[in-house]
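Structure data (mmCIF, C-alpha atoms) from my_file.cif:
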data_run
loop_
_atom_site.group_PDB
_atom_site.id
_atom_site.type_symbol
_atom_site.label_atom_id
_atom_site.label_comp_id
_atom_site.auth_asym_id
_atom_site.auth_seq_id
_atom_site.Cartn_x
_atom_site.Cartn_y
_atom_site.Cartn_z
ATOM 1 C CA MET A 1 0.000 0.000 0.000
ATOM 2 C CA ALA A 2 1.159 3.538 -0.667
ATOM 3 C CA ASP A 3 2.557 5.665 2.134
ATOM 4 C CA GLU A 4 0.813 8.908 2.994
ATOM 5 C CA ASN A 5 3.417 11.053 1.180
ATOM 6 C CA TRP A 6 3.104 9.172 -2.101
ATOM 7 C CA LYS A 7 1.797 11.157 -5.063
ATOM 8 C CA PRO A 8 0.992 9.359 -8.305
ATOM 9 C CA LYS A 9 3.069 9.989 -11.404
ATOM 10 C CA ILE A 10 0.672 9.895 -14.323
ATOM 11 C CA ILE A 11 1.696 10.590 -17.898
ATOM 12 C CA ALA A 12 -0.984 11.821 -20.304
ATOM 13 C CA ILE A 13 -0.119 11.501 -23.982
ATOM 14 C CA ILE A 14 -2.638 13.720 -25.707
ATOM 15 C CA CYS A 15 -3.602 14.600 -29.264
ATOM 16 C CA ASN A 16 -2.845 18.163 -30.311
ATOM 17 C CA TRP A 17 -6.106 18.715 -32.172
ATOM 18 C CA CYS A 18 -8.748 17.391 -29.800
ATOM 19 C CA SER A 19 -7.684 16.331 -26.324
ATOM 20 C CA TYR A 20 -5.086 19.070 -25.874
ATOM 21 C CA ALA A 21 -7.645 21.635 -26.977
ATOM 22 C CA GLY A 22 -10.170 20.074 -24.576
ATOM 23 C CA ALA A 23 -7.629 20.342 -21.755
ATOM 24 C CA ASP A 24 -7.002 23.970 -22.731
ATOM 25 C CA LEU A 25 -10.745 24.643 -22.660
ATOM 26 C CA ALA A 26 -10.959 23.046 -19.206
ATOM 27 C CA GLY A 27 -8.200 25.333 -17.987
ATOM 28 C CA GLY A 28 -9.788 28.403 -19.543
ATOM 29 C CA ALA A 29 -13.127 27.531 -17.952
ATOM 30 C CA ARG A 30 -11.377 26.932 -14.618
ATOM 31 C CA ILE A 31 -12.678 23.387 -14.362
ATOM 32 C CA GLN A 32 -11.100 21.753 -11.328
ATOM 33 C CA TYR A 33 -9.243 18.466 -11.577
ATOM 34 C CA PRO A 34 -6.240 16.959 -9.765
ATOM 35 C CA PRO A 35 -2.810 18.305 -10.808
ATOM 36 C CA ASP A 36 -1.133 14.874 -10.743
ATOM 37 C CA ILE A 37 -0.906 14.499 -14.524
ATOM 38 C CA ARG A 38 2.063 15.372 -16.706
ATOM 39 C CA ALA A 39 0.931 16.037 -20.253
ATOM 40 C CA VAL A 40 2.873 15.177 -23.396
ATOM 41 C CA ARG A 41 1.344 16.618 -26.553
ATOM 42 C CA VAL A 42 1.637 14.664 -29.800
ATOM 43 C CA MET A 43 0.149 15.605 -33.150
ATOM 44 C CA CYS A 44 -1.875 12.383 -33.241
ATOM 45 C CA THR A 45 -2.356 9.404 -30.936
ATOM 46 C CA GLY A 46 -1.618 7.271 -33.992
ATOM 47 C CA ARG A 47 1.986 8.379 -33.474
ATOM 48 C CA VAL A 48 2.151 6.777 -30.021
ATOM 49 C CA ASP A 49 4.377 3.715 -30.076
ATOM 50 C CA PRO A 50 3.577 1.163 -27.343
ATOM 51 C CA LEU A 51 7.264 1.285 -26.428
ATOM 52 C CA PHE A 52 6.757 4.914 -25.307
ATOM 53 C CA ILE A 53 4.237 3.676 -22.758
ATOM 54 C CA LEU A 54 6.364 0.764 -21.602
ATOM 55 C CA LYS A 55 9.289 3.178 -21.201
ATOM 56 C CA ALA A 56 7.094 5.508 -19.119
ATOM 57 C CA PHE A 57 6.272 2.621 -16.773
ATOM 58 C CA GLN A 58 9.923 1.570 -16.681
ATOM 59 C CA ASP A 59 10.911 5.141 -15.747
ATOM 60 C CA GLY A 60 8.507 5.248 -12.804
ATOM 61 C CA ALA A 61 5.074 6.246 -14.102
ATOM 62 C CA ASP A 62 2.258 4.850 -12.006
ATOM 63 C CA GLY A 63 -0.264 5.308 -14.814
ATOM 64 C CA VAL A 64 -0.495 6.382 -18.448
ATOM 65 C CA LEU A 65 -3.408 8.028 -20.207
ATOM 66 C CA VAL A 66 -3.614 8.228 -23.990
ATOM 67 C CA SER A 67 -6.310 10.621 -25.149
ATOM 68 C CA GLY A 68 -7.248 11.505 -28.697
ATOM 69 C CA CYS A 69 -10.008 12.488 -31.077
ATOM 70 C CA HIS A 70 -13.322 10.652 -31.218
ATOM 71 C CA PHE A 71 -13.586 7.982 -33.906
ATOM 72 C CA GLY A 72 -14.366 9.654 -37.209
ATOM 73 C CA ASP A 73 -12.889 13.005 -36.110
ATOM 74 C CA CYS A 74 -9.153 12.305 -36.445
ATOM 75 C CA HIS A 75 -7.329 15.013 -38.371
ATOM 76 C CA TYR A 76 -5.128 12.255 -39.785
ATOM 77 C CA LEU A 77 -8.113 10.060 -40.696
ATOM 78 C CA GLU A 78 -7.277 6.811 -38.901
ATOM 79 C CA GLY A 79 -4.711 7.657 -36.237
ATOM 80 C CA ASN A 80 -7.097 7.161 -33.348
ATOM 81 C CA TYR A 81 -8.174 3.751 -34.696
ATOM 82 C CA LYS A 82 -4.531 2.656 -34.888
ATOM 83 C CA ALA A 83 -3.871 3.929 -31.377
ATOM 84 C CA ALA A 84 -6.946 2.164 -29.970
ATOM 85 C CA LYS A 85 -5.831 -1.150 -31.480
ATOM 86 C CA ARG A 86 -2.326 -0.715 -30.067
ATOM 87 C CA MET A 87 -3.630 0.177 -26.594
ATOM 88 C CA PHE A 88 -5.933 -2.861 -26.585
ATOM 89 C CA LEU A 89 -2.979 -5.128 -27.374
ATOM 90 C CA LEU A 90 -0.709 -3.342 -24.916
ATOM 91 C CA LYS A 91 -3.172 -3.950 -22.080
ATOM 92 C CA SER A 92 -2.661 -7.707 -22.525
ATOM 93 C CA VAL A 93 1.115 -7.211 -22.495
ATOM 94 C CA LEU A 94 0.817 -5.258 -19.236
ATOM 95 C CA LYS A 95 -1.149 -8.131 -17.670
ATOM 96 C CA ASN A 96 1.546 -10.581 -18.788
ATOM 97 C CA ILE A 97 4.319 -8.569 -17.128
ATOM 98 C CA GLY A 98 2.374 -8.236 -13.887
ATOM 99 C CA LEU A 99 0.921 -4.733 -14.176
ATOM 100 C CA ASP A 100 -2.761 -4.089 -13.680
ATOM 101 C CA ASP A 101 -4.170 -3.069 -17.074
ATOM 102 C CA LYS A 102 -6.141 -0.291 -15.339
ATOM 103 C CA ARG A 103 -2.852 1.624 -15.199
ATOM 104 C CA LEU A 104 -3.245 2.313 -18.926
ATOM 105 C CA ARG A 105 -6.315 4.097 -20.200
ATOM 106 C CA MET A 106 -7.327 5.409 -23.589
ATOM 107 C CA THR A 107 -10.002 8.067 -23.831
ATOM 108 C CA PHE A 108 -11.465 10.274 -26.519
ATOM 109 C CA VAL A 109 -12.013 13.945 -25.680
ATOM 110 C CA SER A 110 -12.850 16.549 -28.316
ATOM 111 C CA ALA A 111 -11.850 20.202 -28.329
ATOM 112 C CA SER A 112 -15.291 21.223 -27.065
ATOM 113 C CA GLU A 113 -15.344 18.790 -24.124
ATOM 114 C CA GLY A 114 -13.502 20.665 -21.390
ATOM 115 C CA ALA A 115 -15.863 19.344 -18.701
ATOM 116 C CA LYS A 116 -15.288 15.778 -19.908
ATOM 117 C CA TRP A 117 -11.524 16.358 -19.688
ATOM 118 C CA GLY A 118 -11.907 17.318 -16.032
ATOM 119 C CA THR A 119 -14.020 14.223 -15.368
ATOM 120 C CA VAL A 120 -11.538 11.933 -17.121
ATOM 121 C CA MET A 121 -8.591 13.404 -15.197
ATOM 122 C CA THR A 122 -10.378 13.022 -11.874
ATOM 123 C CA ASP A 123 -11.262 9.403 -12.660
ATOM 124 C CA VAL A 124 -7.746 8.499 -13.843
ATOM 125 C CA VAL A 125 -6.158 9.965 -10.712
ATOM 126 C CA LYS A 126 -8.731 8.193 -8.507
ATOM 127 C CA THR A 127 -8.016 4.852 -10.214
ATOM 128 C CA ILE A 128 -4.240 5.200 -9.835
ATOM 129 C CA ASN A 129 -4.584 6.290 -6.198
ATOM 130 C CA GLU A 130 -6.637 3.137 -5.545
ATOM 131 C CA LEU A 131 -4.004 0.954 -7.256
ATOM 132 C CA GLY A 132 -1.114 2.616 -5.420
ATOM 133 C CA PRO A 133 2.470 2.901 -6.640
ATOM 134 C CA SER A 134 3.505 0.886 -9.663
ATOM 135 C CA PRO A 135 5.221 -2.389 -8.734
ATOM 136 C CA LEU A 136 7.869 -1.478 -11.309
ATOM 137 C CA THR A 137 8.932 1.505 -9.198
ATOM 138 C CA GLU A 138 10.542 -0.783 -6.637
ATOM 139 C CA VAL A 139 12.272 -2.803 -9.350
ATOM 140 C CA ALA A 140 13.704 0.357 -10.935
ATOM 141 C CA ARG A 141 15.422 1.403 -7.671
#
structure tokens encoding of this file:
Amino acid sequence: MADENWKPKIIAIICNWCSYAGADLAGGARIQYPPDIRAVRVMCTGRVDPLFILKAFQDGADGVLVSGCHFGDCHYLEGNYKAAKRMFLLKSVLKNIGLDDKRLRMTFVSASEGAKWGTVMTDVVKTINELGPSPLTEVAR
């Protein structure tokens, strides 16, 4: 179980066109959500290699969120479909290496969904807090 000083390290890999804009809207509207997420902006979630996520876990991330455009709204046509397939497969890899697959989440937030962004962030942080520190953190030390 996590000690009382533990704060989760959560990496959010977010699409420039939709999810990043949704996060920006949430900030502009002053929607409250936990500050435990470190955002990495990519042009498209289709660019996210599963090795990026495995490396994040190896380097001490307790959770990873990948968030992109809704299906049918990708600026690069099929990037979000490719990312969703990769994340589905990566969840089974995480199970096989002993990580709870709830530590990886893929969501779809559009530029106009600032409130949804706040809800997603709150839920991701809650889930990771319930899971506690990543078991890989101890191995990395």
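With CA of Leu25 (chain A) on one side and CA of Trp117 (chain A) on the other, the separation reads 8.8 Å.
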Please provide the set of residues having any atom within 6 Å of region 98-112 of chain A, restricted to only C-alpha atoms, with same-chain residues fewer than 5 positions apart removed, written as a ChimeraX atom specification.
-> /A:18-19,21-22,63-70,91
Between CA of Leu90 (chain A) and CA of Asp24 (chain A), distance in Å (one decimal) | 28.1 Å
Can you list, as a VMD selection string, the residues that the PyMOL selection byres ((chain A and resi 52-62) around 6) selects here?
-> chain A and resid 8 to 10 49 to 51 63 133 to 134 137
Nearest to Lys126 (chain A) among A:Gly28, A:Tyr33, A:Glu4, A:Lys85, with distances taken over only C-alpha atoms: which residue is it?
-> A:Tyr33
Draw an axis-aligned box over all listed atoms of region 25-30 of chain A, pad each side with 6 Å, and write its centre and edge lengths in Å, one decimal, as lines of an AutoDock Vina configuration file.
center_x = -10.7
center_y = 25.7
center_z = -18.6
size_x = 16.9
size_y = 17.4
size_z = 20.0
Straight-line distance linking CA of Val40 (chain A) with CA of Ile13 (chain A), stated in Å to one decimal | 4.8 Å
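Using only C-alpha atoms, the nearest neighbour of Ile11 (chain A) within the list A:Leu136, A:Ala39, A:Ala29, A:Ala23 is A:Ala39.
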Spatial neighbours of Gly27 (chain A), 12 Å, only C-alpha atoms, chain gap at least 6 places, as a PyMOL selection string | chain A and resi 20-21+33-35+113-115+117-118
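Counting only C-alpha atoms and comparing A:Pro135, A:Leu94, A:Cys44, A:Arg30, the residue that lies closest to Cys74 (chain A) is A:Cys44.
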Among the residues A:Met43, A:Val48, A:Ile97, A:Val120, the one that comes closest to His75 (chain A) [using all atoms listed in the file] | A:Met43
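Excluding Gly79 (chain A) and any residue on its chain fewer than 6 positions from it, the residues at most 8 Å away by all atoms listed in the file are Cys44, Thr45, Gly46 and Arg47 of chain A.
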Those selected residues, please, written with C-alpha atoms and delivered as a PDB file, keeping the file's coordinate frame.
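That gives us part-v4.pdb:
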ATOM      1  CA  CYS A  44      -1.875  12.383 -33.241  1.00  0.00           C
ATOM      2  CA  THR A  45      -2.356   9.404 -30.936  1.00  0.00           C
ATOM      3  CA  GLY A  46      -1.618   7.271 -33.992  1.00  0.00           C
ATOM      4  CA  ARG A  47       1.986   8.379 -33.474  1.00  0.00           C
TER       5      ARG A  47
END
I need region 53-96 of chain A from the structure I supplied, saved as a short mmCIF file (atom, residue, chain, number, x, y, z; two decimals), in the first residue's frame with N, CA and C atoms retained.
data_model
loop_
_atom_site.label_atom_id
_atom_site.label_comp_id
_atom_site.auth_asym_id
_atom_site.auth_seq_id
_atom_site.Cartn_x
_atom_site.Cartn_y
_atom_site.Cartn_z
N ILE A 53 5.01 3.92 -23.98
CA ILE A 53 4.24 3.68 -22.76
C ILE A 53 5.00 2.72 -21.84
N LEU A 54 5.57 1.68 -22.41
CA LEU A 54 6.36 0.76 -21.60
C LEU A 54 7.56 1.49 -20.98
N LYS A 55 8.17 2.39 -21.72
CA LYS A 55 9.29 3.18 -21.20
C LYS A 55 8.82 4.09 -20.06
N ALA A 56 7.63 4.67 -20.19
CA ALA A 56 7.09 5.51 -19.12
C ALA A 56 6.94 4.69 -17.84
N PHE A 57 6.40 3.48 -17.95
CA PHE A 57 6.27 2.62 -16.77
C PHE A 57 7.64 2.24 -16.22
N GLN A 58 8.57 1.94 -17.10
CA GLN A 58 9.92 1.57 -16.68
C GLN A 58 10.58 2.73 -15.93
N ASP A 59 10.30 3.95 -16.36
CA ASP A 59 10.91 5.14 -15.75
C ASP A 59 10.16 5.65 -14.52
N GLY A 60 9.15 4.90 -14.06
CA GLY A 60 8.51 5.25 -12.80
C GLY A 60 7.10 5.78 -12.87
N ALA A 61 6.47 5.80 -14.03
CA ALA A 61 5.07 6.25 -14.10
C ALA A 61 4.18 5.22 -13.40
N ASP A 62 3.22 5.72 -12.66
CA ASP A 62 2.26 4.85 -12.01
C ASP A 62 1.05 4.58 -12.91
N GLY A 63 0.84 5.46 -13.88
CA GLY A 63 -0.26 5.31 -14.81
C GLY A 63 0.00 6.10 -16.07
N VAL A 64 -0.62 5.68 -17.17
CA VAL A 64 -0.50 6.38 -18.45
C VAL A 64 -1.89 6.52 -19.06
N LEU A 65 -2.17 7.73 -19.50
CA LEU A 65 -3.41 8.03 -20.21
C LEU A 65 -3.06 8.41 -21.63
N VAL A 66 -3.74 7.83 -22.58
CA VAL A 66 -3.61 8.23 -23.99
C VAL A 66 -4.98 8.77 -24.37
N SER A 67 -5.02 10.01 -24.84
CA SER A 67 -6.31 10.62 -25.15
C SER A 67 -6.26 11.30 -26.51
N GLY A 68 -7.24 10.97 -27.34
CA GLY A 68 -7.25 11.50 -28.70
C GLY A 68 -8.63 11.91 -29.16
N CYS A 69 -8.75 12.09 -30.45
CA CYS A 69 -10.01 12.49 -31.08
C CYS A 69 -11.01 11.34 -31.03
N HIS A 70 -12.28 11.68 -31.10
CA HIS A 70 -13.32 10.65 -31.22
C HIS A 70 -13.17 9.96 -32.57
N PHE A 71 -13.63 8.71 -32.64
CA PHE A 71 -13.59 7.98 -33.91
C PHE A 71 -14.36 8.77 -34.96
N GLY A 72 -13.76 8.90 -36.12
CA GLY A 72 -14.37 9.65 -37.21
C GLY A 72 -13.96 11.12 -37.23
N ASP A 73 -13.29 11.60 -36.19
CA ASP A 73 -12.89 13.01 -36.11
C ASP A 73 -11.39 13.22 -36.20
N CYS A 74 -10.61 12.18 -36.41
CA CYS A 74 -9.15 12.31 -36.44
C CYS A 74 -8.71 13.18 -37.62
N HIS A 75 -7.86 14.14 -37.33
CA HIS A 75 -7.33 15.01 -38.37
C HIS A 75 -6.43 14.26 -39.35
N TYR A 76 -5.97 13.08 -38.92
CA TYR A 76 -5.13 12.25 -39.79
C TYR A 76 -5.88 10.99 -40.21
N LEU A 77 -7.17 11.07 -40.22
CA LEU A 77 -8.11 10.06 -40.70
C LEU A 77 -8.24 8.83 -39.82
N GLU A 78 -7.16 8.08 -39.61
CA GLU A 78 -7.28 6.81 -38.90
C GLU A 78 -6.33 6.67 -37.73
N GLY A 79 -5.69 7.75 -37.32
CA GLY A 79 -4.71 7.66 -36.24
C GLY A 79 -5.29 7.14 -34.94
N ASN A 80 -6.49 7.60 -34.60
CA ASN A 80 -7.10 7.16 -33.35
C ASN A 80 -7.50 5.68 -33.40
N TYR A 81 -7.87 5.18 -34.56
CA TYR A 81 -8.17 3.75 -34.70
C TYR A 81 -6.91 2.93 -34.46
N LYS A 82 -5.80 3.36 -35.06
CA LYS A 82 -4.53 2.66 -34.89
C LYS A 82 -4.11 2.67 -33.42
N ALA A 83 -4.25 3.82 -32.79
CA ALA A 83 -3.87 3.93 -31.38
C ALA A 83 -4.74 3.02 -30.51
N ALA A 84 -6.03 2.99 -30.77
CA ALA A 84 -6.95 2.16 -29.97
C ALA A 84 -6.58 0.68 -30.09
N LYS A 85 -6.24 0.24 -31.30
CA LYS A 85 -5.83 -1.15 -31.48
C LYS A 85 -4.56 -1.45 -30.69
N ARG A 86 -3.60 -0.52 -30.77
CA ARG A 86 -2.33 -0.72 -30.07
C ARG A 86 -2.55 -0.76 -28.56
N MET A 87 -3.39 0.13 -28.04
CA MET A 87 -3.63 0.18 -26.59
C MET A 87 -4.33 -1.09 -26.12
N PHE A 88 -5.25 -1.61 -26.92
CA PHE A 88 -5.93 -2.86 -26.58
C PHE A 88 -4.91 -3.99 -26.46
N LEU A 89 -4.00 -4.08 -27.41
CA LEU A 89 -2.98 -5.13 -27.37
C LEU A 89 -2.00 -4.90 -26.23
N LEU A 90 -1.67 -3.66 -25.97
CA LEU A 90 -0.71 -3.34 -24.92
C LEU A 90 -1.27 -3.69 -23.54
N LYS A 91 -2.57 -3.57 -23.37
CA LYS A 91 -3.17 -3.95 -22.08
C LYS A 91 -2.91 -5.43 -21.77
N SER A 92 -2.95 -6.29 -22.77
CA SER A 92 -2.66 -7.71 -22.53
C SER A 92 -1.18 -7.91 -22.20
N VAL A 93 -0.32 -7.13 -22.81
CA VAL A 93 1.12 -7.21 -22.50
C VAL A 93 1.34 -6.79 -21.04
N LEU A 94 0.67 -5.72 -20.62
CA LEU A 94 0.82 -5.26 -19.24
C LEU A 94 0.40 -6.35 -18.24
N LYS A 95 -0.70 -7.03 -18.54
CA LYS A 95 -1.15 -8.13 -17.67
C LYS A 95 -0.07 -9.21 -17.59
N ASN A 96 0.54 -9.52 -18.74
CA ASN A 96 1.55 -10.58 -18.79
C ASN A 96 2.81 -10.24 -18.03
#
